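Data from entry_12.pdb: PDB, C-alpha atoms
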ATOM      1  CA  MET A   1      48.148 125.588 104.488  1.00  0.00           C
ATOM      2  CA  ALA A   2      47.601 126.257 108.167  1.00  0.00           C
ATOM      3  CA  GLY A   3      48.993 129.375 109.752  1.00  0.00           C
ATOM      4  CA  THR A   4      51.883 129.345 112.177  1.00  0.00           C
ATOM      5  CA  LYS A   5      52.060 130.116 115.876  1.00  0.00           C
ATOM      6  CA  ALA A   6      53.445 133.501 114.856  1.00  0.00           C
ATOM      7  CA  ASP A   7      50.326 134.077 112.722  1.00  0.00           C
ATOM      8  CA  ALA A   8      48.115 133.185 115.687  1.00  0.00           C
ATOM      9  CA  ALA A   9      50.073 135.494 118.000  1.00  0.00           C
ATOM     10  CA  ARG A  10      49.864 138.354 115.493  1.00  0.00           C
ATOM     11  CA  PHE A  11      46.122 137.807 115.084  1.00  0.00           C
ATOM     12  CA  ALA A  12      45.630 137.824 118.873  1.00  0.00           C
ATOM     13  CA  ARG A  13      47.631 141.058 119.209  1.00  0.00           C
ATOM     14  CA  GLU A  14      45.673 142.739 116.421  1.00  0.00           C
ATOM     15  CA  TRP A  15      42.302 141.861 117.999  1.00  0.00           C
ATOM     16  CA  SER A  16      43.287 142.371 121.642  1.00  0.00           C
ATOM     17  CA  GLY A  17      40.988 144.957 123.192  1.00  0.00           C
ATOM     18  CA  LYS A  18      39.318 145.677 119.864  1.00  0.00           C
ATOM     19  CA  GLY A  19      36.076 144.910 118.216  1.00  0.00           C
ATOM     20  CA  ASP A  20      32.441 145.029 119.001  1.00  0.00           C
ATOM     21  CA  GLU A  21      30.629 141.711 119.068  1.00  0.00           C
ATOM     22  CA  ASN A  22      27.809 142.923 116.847  1.00  0.00           C
ATOM     23  CA  GLN A  23      29.899 144.872 114.371  1.00  0.00           C
ATOM     24  CA  ASP A  24      33.066 142.799 114.049  1.00  0.00           C
ATOM     25  CA  THR A  25      32.006 139.172 114.458  1.00  0.00           C
ATOM     26  CA  GLN A  26      32.174 138.301 110.791  1.00  0.00           C
ATOM     27  CA  ARG A  27      35.475 140.130 110.195  1.00  0.00           C
ATOM     28  CA  PHE A  28      36.963 138.364 113.238  1.00  0.00           C
ATOM     29  CA  TRP A  29      35.980 134.874 112.094  1.00  0.00           C
ATOM     30  CA  ILE A  30      36.974 135.412 108.464  1.00  0.00           C
ATOM     31  CA  GLY A  31      40.367 136.708 109.616  1.00  0.00           C
ATOM     32  CA  PHE A  32      40.772 133.831 112.072  1.00  0.00           C
ATOM     33  CA  PHE A  33      40.031 131.189 109.456  1.00  0.00           C
ATOM     34  CA  GLN A  34      42.278 132.841 106.854  1.00  0.00           C
ATOM     35  CA  ASP A  35      45.176 134.139 108.948  1.00  0.00           C
ATOM     36  CA  VAL A  36      45.381 131.545 111.732  1.00  0.00           C
ATOM     37  CA  LEU A  37      43.965 128.359 110.203  1.00  0.00           C
ATOM     38  CA  GLY A  38      45.154 129.065 106.665  1.00  0.00           C
ATOM     39  CA  CYS A  39      41.741 128.576 105.038  1.00  0.00           C
ATOM     40  CA  GLU A  40      42.167 130.459 101.772  1.00  0.00           C
ATOM     41  CA  ASP A  41      38.475 130.291 100.825  1.00  0.00           C
ATOM     42  CA  ALA A  42      37.014 131.323 104.181  1.00  0.00           C
ATOM     43  CA  ILE A  43      34.648 133.870 102.658  1.00  0.00           C
ATOM     44  CA  GLN A  44      33.123 131.216 100.419  1.00  0.00           C
ATOM     45  CA  ARG A  45      32.944 128.570 103.159  1.00  0.00           C
ATOM     46  CA  LEU A  46      31.721 130.492 106.184  1.00  0.00           C
ATOM     47  CA  ARG A  47      28.025 131.277 106.638  1.00  0.00           C
ATOM     48  CA  PHE A  48      26.626 133.638 109.239  1.00  0.00           C
ATOM     49  CA  GLU A  49      23.141 133.814 110.711  1.00  0.00           C
ATOM     50  CA  VAL A  50      21.712 131.015 108.618  1.00  0.00           C
ATOM     51  CA  PRO A  51      18.165 130.127 109.698  1.00  0.00           C
ATOM     52  CA  VAL A  52      17.966 126.846 111.611  1.00  0.00           C
ATOM     53  CA  GLN A  53      15.667 124.181 110.215  1.00  0.00           C
ATOM     54  CA  THR A  54      13.857 122.018 112.770  1.00  0.00           C
ATOM     55  CA  ALA A  55      11.214 119.318 112.648  1.00  0.00           C
ATOM     56  CA  ALA A  56       9.111 121.223 115.203  1.00  0.00           C
ATOM     57  CA  LEU A  57       5.888 122.766 113.975  1.00  0.00           C
TER      58      LEU A  57
END
Re-express the file's structure as structure tokens.
Amino acid sequence: MAGTKADAARFAREWSGKGDENQDTQRFWIGFFQDVLGCEDAIQRLRFEVPVQTAAL
């Protein structure tokens, strides 16, 4: 179930002026998907820094 506007506002307040891009990126996105979008299995679904596969040699 998706989060509410109140959930989004609370999330924005909690992260306002906080966080370091390198240290908190994953925590931010997991929290966003869980708390704002209501994705209960965000940890299982999200992948970070996965190598990109290309056809280039």
Contacts of stretch 32-34 of chain A at 10 Å or less, counting all atoms listed in the file, minus same-chain residues fewer than 3 places along, as a ChimeraX atom specification?
-> /A:1-3,7-8,11-12,26-29,37-43,45-46
Please, what is the axis-aligned box for every listed atom of stretch 17-35 of chain A with 8 Å on each side, as centre and edge lengths in Å to one decimal, as JSON?
{"center_x": 36.5, "center_y": 138.4, "center_z": 115.0, "size_x": 33.4, "size_y": 30.5, "size_z": 32.3}
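Proximity of A:Trp15, A:Thr25, A:Val36, A:Ile30 to A:Glu49, computed with all atoms listed in the file, is greatest for A:Thr25.
Rounded to one decimal, atom CA of A:Gly17 and atom CA of A:Asp35 lie 18.4 Å from each other.
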So how many Å separate atom CA of A:Gln23 and atom CA of A:Thr4, to one decimal?
->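 Spanning atom CA of A:Gln23 to atom CA of A:Thr4 is a straight-line distance of 27.0 Å.
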Hey, can you check how far atom CA of A:Arg10 sits from atom CA of A:Gly31?
-> 11.3 Å
